[in-house]
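What's in upload.pdb: PDB, C-alpha atoms and all ligand atoms
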ATOM      1  CA  MET X   1     -52.701  -5.322 -68.602
ATOM      2  CA  LYS X   2     -50.130  -7.025 -70.833
ATOM      3  CA  GLU X   3     -46.617  -5.610 -71.096
ATOM      4  CA  MET X   4     -46.054  -2.797 -73.582
ATOM      5  CA  LEU X   5     -43.364  -3.936 -76.016
ATOM      6  CA  LEU X   6     -43.177  -1.440 -78.860
ATOM      7  CA  GLU X   7     -44.356   2.172 -79.000
ATOM      8  CA  ILE X   8     -44.040   4.419 -82.032
ATOM      9  CA  LYS X   9     -44.615   8.079 -81.245
ATOM     10  CA  ASP X  10     -45.181  10.755 -83.862
ATOM     11  CA  LEU X  11     -42.647   9.071 -86.130
ATOM     12  CA  HIS X  12     -41.315  10.877 -89.195
ATOM     13  CA  VAL X  13     -39.028   8.995 -91.585
ATOM     14  CA  GLN X  14     -37.077  10.291 -94.584
ATOM     15  CA  ILE X  15     -35.370   8.378 -97.363
ATOM     16  CA  ALA X  16     -32.880  10.229 -99.530
ATOM     17  CA  GLY X  17     -34.222  13.527 -98.172
ATOM     18  CA  ARG X  18     -37.877  12.704 -98.960
ATOM     19  CA  GLU X  19     -40.402  12.188 -96.157
ATOM     20  CA  VAL X  20     -42.204   8.835 -96.497
ATOM     21  CA  VAL X  21     -43.688   8.485 -93.011
ATOM     22  CA  SER X  22     -45.149  11.520 -91.305
ATOM     23  CA  GLY X  23     -46.411  11.444 -87.730
ATOM     24  CA  ILE X  24     -47.229   7.782 -87.139
ATOM     25  CA  ASN X  25     -48.310   6.513 -83.718
ATOM     26  CA  LEU X  26     -48.792   2.864 -82.867
ATOM     27  CA  SER X  27     -48.199   0.521 -79.992
ATOM     28  CA  LEU X  28     -47.909  -3.228 -79.567
ATOM     29  CA  ARG X  29     -48.387  -5.022 -76.276
ATOM     30  CA  GLN X  30     -47.607  -8.688 -75.665
ATOM     31  CA  GLY X  31     -49.823 -10.842 -77.851
ATOM     32  CA  ASP X  32     -50.905  -7.996 -80.159
ATOM     33  CA  ARG X  33     -50.954  -8.712 -83.868
ATOM     34  CA  MET X  34     -51.455  -5.713 -86.078
ATOM     35  CA  VAL X  35     -51.901  -5.876 -89.841
ATOM     36  CA  LEU X  36     -50.501  -3.077 -91.968
ATOM     37  CA  LEU X  37     -52.032  -2.504 -95.389
ATOM     38  CA  GLY X  38     -51.370   0.122 -98.035
ATOM     39  CA  GLN X  39     -50.681   0.781-101.696
ATOM     40  CA  ASN X  40     -47.333   0.020-103.297
ATOM     41  CA  GLY X  41     -44.888   2.740-102.345
ATOM     42  CA  SER X  42     -46.990   3.994 -99.425
ATOM     43  CA  GLY X  43     -44.120   3.548 -96.938
ATOM     44  CA  LYS X  44     -44.892   0.243 -95.164
ATOM     45  CA  THR X  45     -41.422  -1.226 -95.642
ATOM     46  CA  SER X  46     -39.854   2.144 -94.782
ATOM     47  CA  LEU X  47     -41.734   2.198 -91.488
ATOM     48  CA  ILE X  48     -40.500  -1.209 -90.368
ATOM     49  CA  MET X  49     -36.964  -0.660 -91.686
ATOM     50  CA  ALA X  50     -36.864   2.519 -89.572
ATOM     51  CA  ILE X  51     -38.134   0.576 -86.539
ATOM     52  CA  MET X  52     -35.359  -1.982 -87.093
ATOM     53  CA  GLY X  53     -32.776   0.816 -87.441
ATOM     54  CA  PHE X  54     -31.568   0.650 -91.039
ATOM     55  CA  PRO X  55     -29.552   3.860 -91.467
ATOM     56  CA  SER X  56     -30.928   4.919 -94.859
ATOM     57  CA  TYR X  57     -34.370   5.239 -93.241
ATOM     58  CA  GLU X  58     -33.712   8.383 -91.261
ATOM     59  CA  VAL X  59     -35.906   9.209 -88.273
ATOM     60  CA  THR X  60     -36.224  13.003 -88.328
ATOM     61  CA  GLU X  61     -38.874  13.396 -85.607
ATOM     62  CA  GLY X  62     -40.620  11.286 -83.001
ATOM     63  CA  ASP X  63     -39.482   8.282 -81.017
ATOM     64  CA  ILE X  64     -39.414   4.476 -81.015
ATOM     65  CA  LEU X  65     -39.589   2.805 -77.604
ATOM     66  CA  PHE X  66     -38.933  -0.834 -76.799
ATOM     67  CA  LYS X  67     -40.225  -1.832 -73.352
ATOM     68  CA  GLY X  68     -40.433   1.835 -72.425
ATOM     69  CA  LYS X  69     -36.912   2.872 -73.512
ATOM     70  CA  SER X  70     -35.973   4.774 -76.639
ATOM     71  CA  ILE X  71     -34.010   2.652 -79.113
ATOM     72  CA  LEU X  72     -33.296   5.464 -81.577
ATOM     73  CA  GLY X  73     -29.623   5.554 -80.635
ATOM     74  CA  LEU X  74     -29.196   1.785 -81.041
ATOM     75  CA  ALA X  75     -27.747  -0.030 -84.061
ATOM     76  CA  ILE X  76     -29.646  -2.813 -85.844
ATOM     77  CA  ASP X  77     -27.839  -5.635 -84.027
ATOM     78  CA  GLN X  78     -28.486  -4.020 -80.645
ATOM     79  CA  ARG X  79     -32.190  -3.738 -81.468
ATOM     80  CA  ALA X  80     -32.168  -7.396 -82.549
ATOM     81  CA  LYS X  81     -30.528  -8.415 -79.268
ATOM     82  CA  LEU X  82     -33.238  -6.552 -77.340
ATOM     83  CA  GLY X  83     -35.881  -8.655 -79.084
ATOM     84  CA  LEU X  84     -36.862  -7.025 -82.372
ATOM     85  CA  GLY X  85     -36.931  -9.234 -85.452
ATOM     86  CA  ILE X  86     -37.728  -8.700 -89.111
ATOM     87  CA  LEU X  87     -38.762 -10.916 -92.014
ATOM     88  CA  PHE X  88     -37.622  -8.989 -95.073
ATOM     89  CA  GLN X  89     -39.771  -8.324 -98.109
ATOM     90  CA  ARG X  90     -36.676  -8.725-100.289
ATOM     91  CA  PRO X  91     -33.789 -10.212 -98.309
ATOM     92  CA  PRO X  92     -30.285  -9.727 -99.705
ATOM     93  CA  THR X  93     -28.200 -12.493-101.276
ATOM     94  CA  VAL X  94     -25.006 -13.123 -99.340
ATOM     95  CA  ARG X  95     -22.362 -15.075-101.246
ATOM     96  CA  GLY X  96     -19.902 -17.017 -99.101
ATOM     97  CA  ILE X  97     -22.220 -17.343 -96.100
ATOM     98  CA  LYS X  98     -24.308 -20.478 -95.836
ATOM     99  CA  LEU X  99     -27.829 -20.359 -94.409
ATOM    100  CA  ARG X 100     -26.659 -22.678 -91.607
ATOM    101  CA  GLN X 101     -23.779 -20.319 -90.695
ATOM    102  CA  MET X 102     -26.101 -17.308 -90.709
ATOM    103  CA  ILE X 103     -28.487 -19.033 -88.325
ATOM    104  CA  GLU X 104     -25.663 -20.205 -86.053
ATOM    105  CA  MET X 105     -24.351 -16.617 -85.886
ATOM    106  CA  THR X 106     -27.683 -14.975 -85.194
ATOM    107  CA  SER X 107     -29.627 -17.555 -83.196
ATOM    108  CA  GLY X 108     -30.947 -16.191 -79.932
ATOM    109  CA  LYS X 109     -31.677 -19.603 -78.422
ATOM    110  CA  LYS X 110     -29.072 -21.816 -76.779
ATOM    111  CA  ASN X 111     -30.939 -25.047 -77.427
ATOM    112  CA  PHE X 112     -32.366 -24.217 -80.863
ATOM    113  CA  ASP X 113     -32.967 -27.458 -82.777
ATOM    114  CA  LEU X 114     -31.981 -26.304 -86.254
ATOM    115  CA  GLU X 115     -32.434 -29.691 -87.950
ATOM    116  CA  LYS X 116     -35.967 -30.059 -86.593
ATOM    117  CA  GLU X 117     -37.092 -26.511 -87.412
ATOM    118  CA  ALA X 118     -35.491 -26.610 -90.877
ATOM    119  CA  GLY X 119     -37.268 -29.915 -91.508
ATOM    120  CA  ARG X 120     -40.647 -28.463 -90.566
ATOM    121  CA  LEU X 121     -40.135 -25.650 -93.072
ATOM    122  CA  ALA X 122     -38.750 -28.001 -95.760
ATOM    123  CA  MET X 123     -35.453 -26.103 -95.621
ATOM    124  CA  THR X 124     -33.015 -28.901 -94.703
ATOM    125  CA  GLU X 125     -31.403 -29.076 -98.148
ATOM    126  CA  PHE X 126     -30.919 -25.287 -98.184
ATOM    127  CA  LEU X 127     -28.840 -25.082 -94.990
ATOM    128  CA  GLY X 128     -25.640 -25.756 -96.943
ATOM    129  CA  ARG X 129     -26.360 -23.194 -99.675
ATOM    130  CA  ASP X 130     -25.179 -19.583 -99.845
ATOM    131  CA  LEU X 131     -27.791 -17.336 -98.264
ATOM    132  CA  ASN X 132     -30.561 -16.713-100.792
ATOM    133  CA  LEU X 133     -28.282 -17.391-103.770
ATOM    134  CA  GLY X 134     -30.636 -18.751-106.413
ATOM    135  CA  PHE X 135     -33.408 -19.346-103.854
ATOM    136  CA  SER X 136     -36.857 -19.145-105.432
ATOM    137  CA  GLY X 137     -39.257 -16.502-104.104
ATOM    138  CA  GLY X 138     -41.035 -18.954-101.804
ATOM    139  CA  GLU X 139     -37.792 -20.623-100.657
ATOM    140  CA  MET X 140     -36.455 -17.208 -99.668
ATOM    141  CA  LYS X 141     -39.521 -16.526 -97.509
ATOM    142  CA  ARG X 142     -39.252 -19.897 -95.762
ATOM    143  CA  SER X 143     -35.555 -19.233 -95.184
ATOM    144  CA  GLU X 144     -36.441 -15.833 -93.694
ATOM    145  CA  LEU X 145     -38.990 -17.436 -91.382
ATOM    146  CA  LEU X 146     -36.477 -20.054 -90.242
ATOM    147  CA  GLN X 147     -34.001 -17.268 -89.399
ATOM    148  CA  VAL X 148     -36.658 -15.302 -87.499
ATOM    149  CA  ILE X 149     -37.623 -18.370 -85.454
ATOM    150  CA  ALA X 150     -33.956 -19.013 -84.641
ATOM    151  CA  GLN X 151     -33.483 -15.421 -83.474
ATOM    152  CA  ASP X 152     -36.393 -15.794 -81.060
ATOM    153  CA  PRO X 153     -37.569 -12.131 -81.101
ATOM    154  CA  GLN X 154     -40.372 -10.816 -78.883
ATOM    155  CA  VAL X 155     -41.639  -8.397 -81.505
ATOM    156  CA  VAL X 156     -41.650  -9.525 -85.130
ATOM    157  CA  LEU X 157     -42.023  -7.259 -88.160
ATOM    158  CA  PHE X 158     -43.281  -9.402 -91.046
ATOM    159  CA  ASP X 159     -42.927  -7.706 -94.438
ATOM    160  CA  GLU X 160     -45.248  -9.569 -96.832
ATOM    161  CA  PRO X 161     -44.466 -13.060 -95.535
ATOM    162  CA  GLU X 162     -46.734 -14.743 -98.105
ATOM    163  CA  SER X 163     -45.812 -12.799-101.208
ATOM    164  CA  GLY X 164     -44.576 -15.171-103.912
ATOM    165  CA  VAL X 165     -45.371 -18.205-101.750
ATOM    166  CA  ASP X 166     -47.534 -21.039-103.139
ATOM    167  CA  LEU X 167     -50.837 -21.872-101.440
ATOM    168  CA  GLU X 168     -49.592 -24.985 -99.645
ATOM    169  CA  ASN X 169     -46.565 -23.169 -98.316
ATOM    170  CA  ILE X 170     -48.705 -20.226 -97.177
ATOM    171  CA  ALA X 171     -50.605 -22.749 -95.056
ATOM    172  CA  LEU X 172     -47.338 -24.210 -93.744
ATOM    173  CA  MET X 173     -45.759 -20.828 -92.986
ATOM    174  CA  GLY X 174     -48.970 -19.376 -91.565
ATOM    175  CA  THR X 175     -49.466 -22.289 -89.175
ATOM    176  CA  ILE X 176     -45.850 -22.077 -88.002
ATOM    177  CA  ILE X 177     -46.028 -18.272 -87.605
ATOM    178  CA  ASP X 178     -49.232 -18.490 -85.571
ATOM    179  CA  GLU X 179     -47.744 -21.129 -83.279
ATOM    180  CA  PHE X 180     -44.485 -19.169 -82.944
ATOM    181  CA  LEU X 181     -46.318 -15.980 -81.950
ATOM    182  CA  LYS X 182     -48.524 -17.823 -79.463
ATOM    183  CA  LYS X 183     -45.672 -19.572 -77.725
ATOM    184  CA  LYS X 184     -44.208 -16.560 -75.943
ATOM    185  CA  ASP X 185     -47.156 -14.217 -76.368
ATOM    186  CA  ARG X 186     -45.065 -12.301 -78.901
ATOM    187  CA  ALA X 187     -46.257  -9.175 -80.700
ATOM    188  CA  ALA X 188     -46.277  -8.795 -84.476
ATOM    189  CA  LEU X 189     -46.739  -6.196 -87.168
ATOM    190  CA  ILE X 190     -47.747  -7.980 -90.363
ATOM    191  CA  ILE X 191     -47.628  -6.311 -93.763
ATOM    192  CA  THR X 192     -49.816  -7.991 -96.366
ATOM    193  CA  HIS X 193     -51.595  -7.019 -99.581
ATOM    194  CA  THR X 194     -53.899  -9.982-100.005
ATOM    195  CA  GLY X 195     -54.480 -11.062 -96.406
ATOM    196  CA  TYR X 196     -53.974 -14.744 -97.377
ATOM    197  CA  ILE X 197     -51.712 -15.249 -94.375
ATOM    198  CA  LEU X 198     -54.609 -14.208 -92.112
ATOM    199  CA  ASP X 199     -56.325 -17.533 -92.869
ATOM    200  CA  TYR X 200     -53.726 -19.021 -90.527
ATOM    201  CA  VAL X 201     -52.396 -16.138 -88.422
ATOM    202  CA  LYS X 202     -55.117 -14.636 -86.268
ATOM    203  CA  ALA X 203     -55.069 -10.849 -86.159
ATOM    204  CA  ASP X 204     -57.936  -8.615 -85.157
ATOM    205  CA  LEU X 205     -56.489  -5.181 -85.697
ATOM    206  CA  GLY X 206     -55.573  -3.658 -89.042
ATOM    207  CA  CYS X 207     -54.697  -0.239 -90.397
ATOM    208  CA  VAL X 208     -53.882   1.394 -93.698
ATOM    209  CA  LEU X 209     -50.804   3.473 -94.411
ATOM    210  CA  ALA X 210     -51.785   6.247 -96.810
ATOM    211  CA  ASP X 211     -50.734   9.870 -97.179
ATOM    212  CA  LYS X 212     -47.747   8.906 -94.963
ATOM    213  CA  ARG X 213     -50.098   8.282 -92.003
ATOM    214  CA  LEU X 214     -52.123   5.463 -90.482
ATOM    215  CA  HIS X 215     -55.861   5.370 -91.151
ATOM    216  CA  CYS X 216     -58.857   3.177 -90.708
ATOM    217  CA  VAL X 217     -58.150   1.084 -87.619
ATOM    218  CA  GLN X 218     -60.488  -1.910 -87.981
ATOM    219  CA  GLU X 219     -60.701  -5.658 -88.374
ATOM    220  CA  PRO X 220     -58.177  -6.412 -91.173
ATOM    221  CA  ARG X 221     -60.447  -8.558 -93.339
ATOM    222  CA  LYS X 222     -63.099  -5.826 -93.248
ATOM    223  CA  ILE X 223     -60.514  -3.313 -94.470
ATOM    224  CA  ILE X 224     -59.338  -5.653 -97.254
ATOM    225  CA  GLY X 225     -62.958  -6.151 -98.340
ATOM    226  CA  ASP X 226     -63.521  -2.380 -98.387
ATOM    227  CA  ILE X 227     -60.337  -1.775-100.375
ATOM    228  CA  ARG X 228     -61.470  -4.299-103.007
ATOM    229  CA  LYS X 229     -64.835  -2.549-103.206
ATOM    230  CA  TYR X 230     -63.955   1.128-102.896
ATOM    231  CA  GLY X 231     -60.163   1.411-103.330
ATOM    232  CA  TYR X 232     -57.571   2.871-100.964
ATOM    233  CA  ASP X 233     -58.848   6.436-101.249
ATOM    234  CA  LYS X 234     -61.815   5.629 -99.050
ATOM    235  CA  CYS X 235     -59.491   4.787 -96.143
ATOM    236  CA  VAL X 236     -58.013   8.278 -96.179
ATOM    237  CA  LYS X 237     -61.418   9.956 -96.459
ATOM    238  CA  CYS X 238     -63.004   7.697 -93.875
ATOM    239  CA  ARG X 239     -60.317   8.349 -91.163
ATOM    240  CA  LYS X 240     -61.811   5.970 -88.613
TER     241      LYS X 240
HETATM  242  N1  LIG L   1     -33.248   4.470-101.393
HETATM  243  C1  LIG L   1     -34.336   5.111-101.832
HETATM  244  N2  LIG L   1     -34.241   6.256-102.565
HETATM  245  C2  LIG L   1     -35.335   6.909-102.985
HETATM  246  N3  LIG L   1     -36.592   6.508-102.736
HETATM  247  C3  LIG L   1     -36.746   5.396-102.029
HETATM  248  C4  LIG L   1     -35.659   4.622-101.539
HETATM  249  N4  LIG L   1     -36.131   3.574-100.846
HETATM  250  C5  LIG L   1     -37.478   3.669-100.920
HETATM  251  N5  LIG L   1     -37.860   4.756-101.625
HETATM  252  C6  LIG L   1     -39.236   5.179-101.951
HETATM  253  O1  LIG L   1     -39.983   5.299-100.759
HETATM  254  C7  LIG L   1     -41.355   5.010-101.028
HETATM  255  C8  LIG L   1     -41.869   4.028 -99.995
HETATM  256  O2  LIG L   1     -41.311   2.761-100.251
HETATM  257  P1  LIG L   1     -41.657   1.480 -99.417
HETATM  258  O3  LIG L   1     -40.719   0.402 -99.843
HETATM  259  O4  LIG L   1     -41.660   1.830 -97.984
HETATM  260  O5  LIG L   1     -43.143   1.157 -99.888
HETATM  261  P2  LIG L   1     -44.118  -0.041 -99.522
HETATM  262  O6  LIG L   1     -45.350   0.547 -98.917
HETATM  263  O7  LIG L   1     -43.395  -1.063 -98.732
HETATM  264  O8  LIG L   1     -44.494  -0.614-100.961
HETATM  265  P3  LIG L   1     -44.727  -2.132-101.508
HETATM  266  O9  LIG L   1     -46.149  -2.493-101.147
HETATM  267  O10 LIG L   1     -44.562  -1.996-102.985
HETATM  268  O11 LIG L   1     -43.704  -3.011-100.874
HETATM  269  C9  LIG L   1     -41.405   4.492-102.456
HETATM  270  O12 LIG L   1     -41.870   5.522-103.294
HETATM  271  C10 LIG L   1     -39.964   4.146-102.774
HETATM  272  O13 LIG L   1     -39.645   4.246-104.143
HETATM  273 MG    MG L   2     -42.796  -2.960 -99.055
END

Hey, can you dump this file as structure tokens for me?
Amino acid sequence: MKEMLLEIKDLHVQIAGREVVSGINLSLRQGDRMVLLGQNGSGKTSLIMAIMGFPSYEVTEGDILFKGKSILGLAIDQRAKLGLGILFQRPPTVRGIKLRQMIEMTSGKKNFDLEKEAGRLAMTEFLGRDLNLGFSGGEMKRSELLQVIAQDPQVVLFDEPESGVDLENIALMGTIIDEFLKKKDRAALIITHTGYILDYVKADLGCVLADKRLHCVQEPRKIIGDIRKYGYDKCVKCRK
């Protein structure tokens, strides 16, 4: 049996006093790739921000375990050092910090070849620019991916990696993500609306976040097909 990396137990999350996640259970072992679907505002980003430890996403009940130990008391940077990484849906702009400096500060690998990896993601010319300042939507996502690769996490939380990315760059990012996950048998939780990234990143398990809970655990493309046909409501009623 592969090593258990991340376990979410009966998790409840509140933002500004309002519950957005209510009693979620999920687990990721080495090599697992789970796809998370759900309507806008259903709480997908809130769930992964809570896993990463952002303070405004308050865990009011339940537990989050990394390799069997609770990480609830740990700050974001401590969770990152343990091996949790996130690709943000909307990363912040940081004036005065260049992309290169950010990667040098946060890289988890001693021998990370920044020039080579930046080149593969067509990000070389962005290394000297302030982080995300004026980056286009797709450039921001490639910059996020470069930072994730540099951090070398064992569990990666991808929040809509392909949103706003052109078709050629989805292929580029998807191929690089798939290879990155394979390399160390990493685990991933992948949020997507369209599933385009799944043309390149293999994932056989998907679920839908609705009514603050997870529903409909199935092959992700099957779920996406059903949502197109019947809408999200069916996932809640179906409760598979
Ligand atoms: N700081 C905040 N104050 C109040 N409500 C918030 C705050 N942050 C998030 N929310 C609300 O929490 C709900 C869940 O948001 P979340 O970003 O998790 O949704 P999502 O499933 O990721 O949606 P999308 O697919 O649009 O990215 C939304 O209704 C959102 O408006
Ligand atoms: Mg979101």

>> Excluding region 91-99 of chain X and its own-chain neighbours fewer than 2 positions away, which residues fall within 7 Å of it when counting only C-alpha atoms? Please give them as number ranges by chain.
In response: X: 88-89, 101-103, 126-133

So that I have them on file, write out the residues from the current selection with C-alpha atoms, as a tab-separated table (two decimals), in the coordinates of the input.
chain	number	residue	atom	x	y	z
X	88	PHE	CA	-37.62	-8.99	-95.07
X	89	GLN	CA	-39.77	-8.32	-98.11
X	101	GLN	CA	-23.78	-20.32	-90.70
X	102	MET	CA	-26.10	-17.31	-90.71
X	103	ILE	CA	-28.49	-19.03	-88.32
X	126	PHE	CA	-30.92	-25.29	-98.18
X	127	LEU	CA	-28.84	-25.08	-94.99
X	128	GLY	CA	-25.64	-25.76	-96.94
X	129	ARG	CA	-26.36	-23.19	-99.68
X	130	ASP	CA	-25.18	-19.58	-99.84
X	131	LEU	CA	-27.79	-17.34	-98.26
X	132	ASN	CA	-30.56	-16.71	-100.79
X	133	LEU	CA	-28.28	-17.39	-103.77

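The smallest atom-to-atom distance between ligand LIG 1 (chain L) and any of X:Gly85, X:Gly68, X:Gly41, X:Gly195, using all atoms listed in the file, is found for X:Gly41.
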
>> Please find the residues contacting ligand MG 2 (chain L) at a distance of at most 7 Å between atoms, with all atoms listed in the file counted, and report them as a list in words.
In response: Asn40, Gly41, Gly43, Lys44, Thr45, Gln89 and Asp159 of chain X

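With distances restricted to only C-alpha atoms and all ligand atoms, X:Arg213 is the closest residue to ligand LIG 1 (chain L) from X:Arg142, X:Arg213, X:Arg29, X:Lys67.
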
> X:Leu36, X:Leu114, X:Ala171, X:Ile224: which is nearest ligand LIG 1 (chain L), counting only C-alpha atoms and all ligand atoms?
Replying inline: X:Leu36

>> To test your reading of the syntax: which residues would the PyMOL selection byres (((chain X and resi 208) around 9) and not hetatm) return for the file shown? Reply as a list in words.
In response: Val35, Leu36, Leu37, Gly38, Gln39, Gly206, Cys207, Leu209, Ala210, Arg213, Leu214, His215, Cys216, Val217, Ile223, Tyr232, Cys235 and Val236 of chain X

>> Would you pick out the contacts of Glu3 (chain X) at 12 Å or less, using all atoms listed in the file, so that residues sharing its chain but fewer than 5 positions from it are not included, and give the list as JSON, numbers by chain?
In response: {"X": [27, 28, 29, 30, 31, 32, 66, 67, 68, 154, 155, 185, 186, 187]}

> Near Ser163 (chain X), counting all atoms listed in the file, which residues have an atom at most 10 Å away, once you skip same-chain residues fewer than 6 positions from it, shown as a VMD selection string?
Replying inline: chain X and resid 89 137 to 138 141 170 192 to 194 196 to 197

> Neighbours of Leu157 (chain X) within 6 Å (only C-alpha atoms; same-chain residues fewer than 2 positions away dropped), as a PyMOL selection string?
Replying inline: chain X and resi 86+188-189

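For the pair CA of Ile191 (chain X) and atom C2 of ligand LIG 1 (chain L), the separation is 20.3 Å.
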
> When distances are computed from only C-alpha atoms and all ligand atoms, which of X:Ile48, X:Ala118, X:Leu145, X:Leu26 shows the smallest separation from ligand LIG 1 (chain L)?
Replying inline: X:Ile48

Would you compute the box with edges along x, y and z of the file around ligand LIG 1 (chain L), including every atom the file lists for it and 3 Å extra on each side, and give its centre and edge lengths in Å to one decimal, as AutoDock Vina command-line options?
--center_x -39.7 --center_y 1.9 --center_z -101.1 --size_x 18.9 --size_y 15.9 --size_z 12.2

> For this file, the PyMOL selection byres (((chain X and resi 51) around 10) and not hetatm) selects which residues, as a ChimeraX atom specification?
Replying inline: /X:6-8,11,13,45-50,52-54,57,59,63-66,71-72,76,79,84-86,157

Emit the selected residues as an mmCIF file, keeping the file's coordinate frame, including C-alpha atoms.
data_model
loop_
_atom_site.group_PDB
_atom_site.id
_atom_site.type_symbol
_atom_site.label_atom_id
_atom_site.label_comp_id
_atom_site.auth_asym_id
_atom_site.auth_seq_id
_atom_site.Cartn_x
_atom_site.Cartn_y
_atom_site.Cartn_z
ATOM 1 C CA LEU X 6 -43.177 -1.440 -78.860
ATOM 2 C CA GLU X 7 -44.356 2.172 -79.000
ATOM 3 C CA ILE X 8 -44.040 4.419 -82.032
ATOM 4 C CA LEU X 11 -42.647 9.071 -86.130
ATOM 5 C CA VAL X 13 -39.028 8.995 -91.585
ATOM 6 C CA THR X 45 -41.422 -1.226 -95.642
ATOM 7 C CA SER X 46 -39.854 2.144 -94.782
ATOM 8 C CA LEU X 47 -41.734 2.198 -91.488
ATOM 9 C CA ILE X 48 -40.500 -1.209 -90.368
ATOM 10 C CA MET X 49 -36.964 -0.660 -91.686
ATOM 11 C CA ALA X 50 -36.864 2.519 -89.572
ATOM 12 C CA MET X 52 -35.359 -1.982 -87.093
ATOM 13 C CA GLY X 53 -32.776 0.816 -87.441
ATOM 14 C CA PHE X 54 -31.568 0.650 -91.039
ATOM 15 C CA TYR X 57 -34.370 5.239 -93.241
ATOM 16 C CA VAL X 59 -35.906 9.209 -88.273
ATOM 17 C CA ASP X 63 -39.482 8.282 -81.017
ATOM 18 C CA ILE X 64 -39.414 4.476 -81.015
ATOM 19 C CA LEU X 65 -39.589 2.805 -77.604
ATOM 20 C CA PHE X 66 -38.933 -0.834 -76.799
ATOM 21 C CA ILE X 71 -34.010 2.652 -79.113
ATOM 22 C CA LEU X 72 -33.296 5.464 -81.577
ATOM 23 C CA ILE X 76 -29.646 -2.813 -85.844
ATOM 24 C CA ARG X 79 -32.190 -3.738 -81.468
ATOM 25 C CA LEU X 84 -36.862 -7.025 -82.372
ATOM 26 C CA GLY X 85 -36.931 -9.234 -85.452
ATOM 27 C CA ILE X 86 -37.728 -8.700 -89.111
ATOM 28 C CA LEU X 157 -42.023 -7.259 -88.160
#

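Proximity to ligand LIG 1 (chain L) was assessed for X:Glu61, X:Glu160, X:Asp226, X:Asp113 counting all atoms listed in the file; the smallest distance is recorded for X:Glu160.
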
> When the PyMOL selection byres (((chain X and resi 151) around 9) and not hetatm) is applied to the file above, which residues end up in the set, as a ChimeraX atom specification?
Replying inline: /X:80-81,83,85,103,106-109,146-150,152-153

>> Which residue is closest to ligand LIG 1 (chain L)? Choose from X:Gly174, X:Gly134, X:Pro55, X:Pro220 and count all atoms listed in the file.
In response: X:Pro55

>> Report, in Å with one decimal, the straight-line distance from CA of Met173 (chain X) to CA of Leu121 (chain X).
In response: 7.4 Å

>> Using Å and a single decimal, report how far CA of Glu58 (chain X) sits from atom O1 of ligand LIG 1 (chain L).
In response: 11.8 Å
